[in-house]
file query_8.pdb (PDB, C-alpha atoms, pLDDT in the B column)
ATOM      1  CA  MET A  30       5.480  -9.864  -0.555  1.00 49.00           C
ATOM      2  CA  PRO A  31       2.668  -7.654   0.667  1.00 60.00           C
ATOM      3  CA  THR A  32      -0.320  -9.443   2.065  1.00 84.00           C
ATOM      4  CA  VAL A  33      -3.520  -9.560   0.075  1.00 88.00           C
ATOM      5  CA  ALA A  34      -5.398  -7.971   2.990  1.00 90.00           C
ATOM      6  CA  ARG A  35      -3.101  -4.913   2.980  1.00 93.00           C
ATOM      7  CA  ILE A  36      -3.515  -4.559  -0.755  1.00 94.00           C
ATOM      8  CA  ASP A  37      -7.296  -4.840  -0.457  1.00 95.00           C
ATOM      9  CA  VAL A  38      -7.307  -2.067   2.161  1.00 95.00           C
ATOM     10  CA  LEU A  39      -5.242   0.166  -0.120  1.00 96.00           C
ATOM     11  CA  LEU A  40      -7.580  -0.450  -3.032  1.00 96.00           C
ATOM     12  CA  SER A  41     -10.626   0.209  -0.866  1.00 96.00           C
ATOM     13  CA  THR A  42      -9.088   3.438   0.355  1.00 96.00           C
ATOM     14  CA  LEU A  43      -8.366   4.557  -3.209  1.00 96.00           C
ATOM     15  CA  ASN A  44     -11.910   3.666  -4.255  1.00 94.00           C
ATOM     16  CA  ALA A  45     -13.194   5.828  -1.398  1.00 95.00           C
ATOM     17  CA  THR A  46     -11.545   8.899  -2.930  1.00 94.00           C
ATOM     18  CA  ASP A  47     -14.540   9.291  -5.246  1.00 90.00           C
ATOM     19  CA  VAL A  48     -16.540  11.103  -2.574  1.00 91.00           C
ATOM     20  CA  GLY A  49     -15.929  13.364   0.373  1.00 94.00           C
ATOM     21  CA  THR A  50     -14.409  16.702   1.109  1.00 95.00           C
ATOM     22  CA  LEU A  51     -11.067  17.653  -0.379  1.00 94.00           C
ATOM     23  CA  GLU A  52      -9.540  17.288   3.074  1.00 96.00           C
ATOM     24  CA  SER A  53     -10.856  13.750   3.515  1.00 96.00           C
ATOM     25  CA  ILE A  54      -9.725  12.726   0.029  1.00 97.00           C
ATOM     26  CA  ALA A  55      -6.274  14.197   0.704  1.00 97.00           C
ATOM     27  CA  ALA A  56      -6.110  12.321   4.020  1.00 97.00           C
ATOM     28  CA  LYS A  57      -6.928   9.054   2.256  1.00 97.00           C
ATOM     29  CA  LEU A  58      -4.191   9.682  -0.313  1.00 97.00           C
ATOM     30  CA  ARG A  59      -1.690  10.405   2.461  1.00 97.00           C
ATOM     31  CA  GLN A  60      -2.726   7.153   4.130  1.00 97.00           C
ATOM     32  CA  VAL A  61      -2.146   5.243   0.887  1.00 97.00           C
ATOM     33  CA  GLU A  62       1.237   6.925   0.429  1.00 97.00           C
ATOM     34  CA  GLU A  63       2.345   6.050   3.970  1.00 97.00           C
ATOM     35  CA  GLU A  64       1.225   2.444   3.641  1.00 96.00           C
ATOM     36  CA  LEU A  65       3.038   2.069   0.317  1.00 97.00           C
ATOM     37  CA  ARG A  66       6.233   3.415   1.877  1.00 97.00           C
ATOM     38  CA  ALA A  67       5.835   0.932   4.743  1.00 95.00           C
ATOM     39  CA  MET A  68       5.561  -1.811   2.106  1.00 94.00           C
ATOM     40  CA  ASP A  69       8.787  -0.589   0.407  1.00 95.00           C
ATOM     41  CA  GLN A  70       6.865   0.472  -2.676  1.00 96.00           C
ATOM     42  CA  ASP A  71       8.508   3.891  -2.960  1.00 97.00           C
ATOM     43  CA  PRO A  72       7.782   4.478  -6.685  1.00 97.00           C
ATOM     44  CA  LEU A  73       4.080   3.919  -6.047  1.00 97.00           C
ATOM     45  CA  ALA A  74       4.221   6.058  -2.904  1.00 98.00           C
ATOM     46  CA  ASP A  75       5.782   8.833  -4.985  1.00 98.00           C
ATOM     47  CA  ARG A  76       2.903   8.515  -7.449  1.00 98.00           C
ATOM     48  CA  ALA A  77       0.420   8.828  -4.582  1.00 98.00           C
ATOM     49  CA  ALA A  78       2.218  12.011  -3.516  1.00 98.00           C
ATOM     50  CA  GLU A  79       1.922  13.306  -7.085  1.00 97.00           C
ATOM     51  CA  ALA A  80      -1.816  12.568  -7.032  1.00 97.00           C
ATOM     52  CA  LEU A  81      -2.085  14.549  -3.819  1.00 97.00           C
ATOM     53  CA  MET A  82      -0.229  17.488  -5.377  1.00 97.00           C
ATOM     54  CA  ALA A  83      -2.522  17.367  -8.422  1.00 97.00           C
ATOM     55  CA  LEU A  84      -5.552  17.432  -6.142  1.00 96.00           C
ATOM     56  CA  SER A  85      -4.173  20.372  -4.164  1.00 95.00           C
ATOM     57  CA  ARG A  86      -3.676  22.441  -7.310  1.00 96.00           C
ATOM     58  CA  GLY A  87      -7.107  21.504  -8.681  1.00 95.00           C
ATOM     59  CA  ASP A  88      -5.859  19.365 -11.568  1.00 97.00           C
ATOM     60  CA  VAL A  89      -8.718  16.860 -11.491  1.00 95.00           C
ATOM     61  CA  ALA A  90      -7.717  15.109 -14.714  1.00 97.00           C
ATOM     62  CA  GLU A  91      -4.196  14.387 -13.437  1.00 97.00           C
ATOM     63  CA  PHE A  92      -5.574  13.314 -10.055  1.00 97.00           C
ATOM     64  CA  LYS A  93      -7.870  10.799 -11.753  1.00 96.00           C
ATOM     65  CA  ARG A  94      -5.036   9.513 -13.965  1.00 97.00           C
ATOM     66  CA  ALA A  95      -2.760   9.048 -10.972  1.00 97.00           C
ATOM     67  CA  ARG A  96      -5.493   7.304  -8.975  1.00 97.00           C
ATOM     68  CA  ALA A  97      -6.254   4.923 -11.863  1.00 97.00           C
ATOM     69  CA  PHE A  98      -2.534   4.203 -12.247  1.00 97.00           C
ATOM     70  CA  LEU A  99      -2.239   3.427  -8.533  1.00 97.00           C
ATOM     71  CA  GLN A 100      -5.295   1.191  -8.563  1.00 96.00           C
ATOM     72  CA  SER A 101      -3.871  -0.755 -11.482  1.00 96.00           C
ATOM     73  CA  LYS A 102      -0.352  -1.133 -10.100  1.00 96.00           C
ATOM     74  CA  ILE A 103      -1.450  -1.927  -6.546  1.00 95.00           C
ATOM     75  CA  GLY A 104      -3.814  -4.559  -7.901  1.00 92.00           C
ATOM     76  CA  HIS A 105      -0.839  -6.209  -9.603  1.00 92.00           C
ATOM     77  CA  LEU A 106       0.979  -6.521  -6.266  1.00 88.00           C
ATOM     78  CA  ARG A 107      -1.299  -9.422  -5.359  1.00 80.00           C
TER      79      ARG A 107
END

call {"tool": "encode", "arguments": {"input": "query_8.pdb", "output": "C-alpha cells"}}
result
Amino acid sequence: MPTVARIDVLLSTLNATDVGTLESIAAKLRQVEEELRAMDQDPLADRAAEALMALSRGDVAEFKRARAFLQSKIGHLR
C-alpha cells in the first residue's frame, strides 16, 4: 500500500498545476505520472499521461477533468 506521505506529495503536486507556465505544469504532470508508475498504479499513470496530452493540445476542459479525476482517485489510495 502506498504511504500516506507519497500520496500527499502527489496531491500537492496536482494542486500546484493551477498556476505556472505550461512547461512547469507539464513537468508536474510528468512527475505525477512517474510516481504513479513507481507505485504500480498504471491506470492512474495513464490518466495523468492523458491529462498531459490534453494540456499539450490546449484542451483545458479535458485537462481539468483529468486532474479532478486524478485528485479524487489518488485521495482514495489512502

call {"tool": "closest_residue", "arguments": {"input": "query_8.pdb", "among": "A:Thr32, A:Arg96, A:Asp37, A:Asp88", "to": "A:Leu58", "atoms": "only C-alpha atoms"}}
result
A:Arg96

call {"tool": "residues_around", "arguments": {"input": "query_8.pdb", "residues": "stretch 45-53 of chain A", "least_positions_apart": "3", "cutoff": "9 Å", "atoms": "all atoms listed in the file", "output": "short mmCIF file (atom, residue, chain, number, x, y, z; two decimals) with C-alpha atoms, keeping the file's coordinate frame"}}
result
data_model
loop_
_atom_site.label_atom_id
_atom_site.label_comp_id
_atom_site.auth_asym_id
_atom_site.auth_seq_id
_atom_site.Cartn_x
_atom_site.Cartn_y
_atom_site.Cartn_z
CA LEU A 40 -7.58 -0.45 -3.03
CA SER A 41 -10.63 0.21 -0.87
CA THR A 42 -9.09 3.44 0.36
CA ALA A 56 -6.11 12.32 4.02
CA LYS A 57 -6.93 9.05 2.26
CA LEU A 58 -4.19 9.68 -0.31
CA LEU A 84 -5.55 17.43 -6.14
CA SER A 85 -4.17 20.37 -4.16
CA ARG A 96 -5.49 7.30 -8.98
#

call {"tool": "resolve_selection", "arguments": {"input": "query_8.pdb", "expression": "the PyMOL selection byres ((chain A and resi 103) around 12)", "output": "PDB file with C-alpha atoms, in the frame of the given file"}}
result
ATOM      1  CA  PRO A  31       2.668  -7.654   0.667  1.00 60.00           C
ATOM      2  CA  THR A  32      -0.320  -9.443   2.065  1.00 84.00           C
ATOM      3  CA  VAL A  33      -3.520  -9.560   0.075  1.00 88.00           C
ATOM      4  CA  ALA A  34      -5.398  -7.971   2.990  1.00 90.00           C
ATOM      5  CA  ARG A  35      -3.101  -4.913   2.980  1.00 93.00           C
ATOM      6  CA  ILE A  36      -3.515  -4.559  -0.755  1.00 94.00           C
ATOM      7  CA  ASP A  37      -7.296  -4.840  -0.457  1.00 95.00           C
ATOM      8  CA  VAL A  38      -7.307  -2.067   2.161  1.00 95.00           C
ATOM      9  CA  LEU A  39      -5.242   0.166  -0.120  1.00 96.00           C
ATOM     10  CA  LEU A  40      -7.580  -0.450  -3.032  1.00 96.00           C
ATOM     11  CA  SER A  41     -10.626   0.209  -0.866  1.00 96.00           C
ATOM     12  CA  THR A  42      -9.088   3.438   0.355  1.00 96.00           C
ATOM     13  CA  LEU A  43      -8.366   4.557  -3.209  1.00 96.00           C
ATOM     14  CA  VAL A  61      -2.146   5.243   0.887  1.00 97.00           C
ATOM     15  CA  GLU A  62       1.237   6.925   0.429  1.00 97.00           C
ATOM     16  CA  GLU A  64       1.225   2.444   3.641  1.00 96.00           C
ATOM     17  CA  LEU A  65       3.038   2.069   0.317  1.00 97.00           C
ATOM     18  CA  MET A  68       5.561  -1.811   2.106  1.00 94.00           C
ATOM     19  CA  GLN A  70       6.865   0.472  -2.676  1.00 96.00           C
ATOM     20  CA  PRO A  72       7.782   4.478  -6.685  1.00 97.00           C
ATOM     21  CA  LEU A  73       4.080   3.919  -6.047  1.00 97.00           C
ATOM     22  CA  ALA A  74       4.221   6.058  -2.904  1.00 98.00           C
ATOM     23  CA  ARG A  76       2.903   8.515  -7.449  1.00 98.00           C
ATOM     24  CA  ALA A  77       0.420   8.828  -4.582  1.00 98.00           C
ATOM     25  CA  ALA A  95      -2.760   9.048 -10.972  1.00 97.00           C
ATOM     26  CA  ARG A  96      -5.493   7.304  -8.975  1.00 97.00           C
ATOM     27  CA  ALA A  97      -6.254   4.923 -11.863  1.00 97.00           C
ATOM     28  CA  PHE A  98      -2.534   4.203 -12.247  1.00 97.00           C
ATOM     29  CA  LEU A  99      -2.239   3.427  -8.533  1.00 97.00           C
ATOM     30  CA  GLN A 100      -5.295   1.191  -8.563  1.00 96.00           C
ATOM     31  CA  SER A 101      -3.871  -0.755 -11.482  1.00 96.00           C
ATOM     32  CA  LYS A 102      -0.352  -1.133 -10.100  1.00 96.00           C
ATOM     33  CA  GLY A 104      -3.814  -4.559  -7.901  1.00 92.00           C
ATOM     34  CA  HIS A 105      -0.839  -6.209  -9.603  1.00 92.00           C
ATOM     35  CA  LEU A 106       0.979  -6.521  -6.266  1.00 88.00           C
ATOM     36  CA  ARG A 107      -1.299  -9.422  -5.359  1.00 80.00           C
TER      37      ARG A 107
END

call {"tool": "atom_distance", "arguments": {"input": "query_8.pdb", "atom1": "atom CA of A:Glu91", "atom2": "atom CA of A:Gln60"}}
result
19.1 Å

call {"tool": "atom_distance", "arguments": {"input": "query_8.pdb", "atom1": "atom CA of A:Arg86", "atom2": "atom CA of A:Ala67"}}
result
26.4 Å

call {"tool": "atom_distance", "arguments": {"input": "query_8.pdb", "atom1": "atom CA of A:Ala83", "atom2": "atom CA of A:Asn44"}}
result
17.1 Å

call {"tool": "axis_aligned_box", "arguments": {"input": "query_8.pdb", "around": "stretch 76-85 of chain A", "padding_each_side": "4 Å", "output": "JSON"}}
result
{"center_x": -1.3, "center_y": 14.4, "center_z": -6.0, "size_x": 16.5, "size_y": 19.9, "size_z": 12.9}
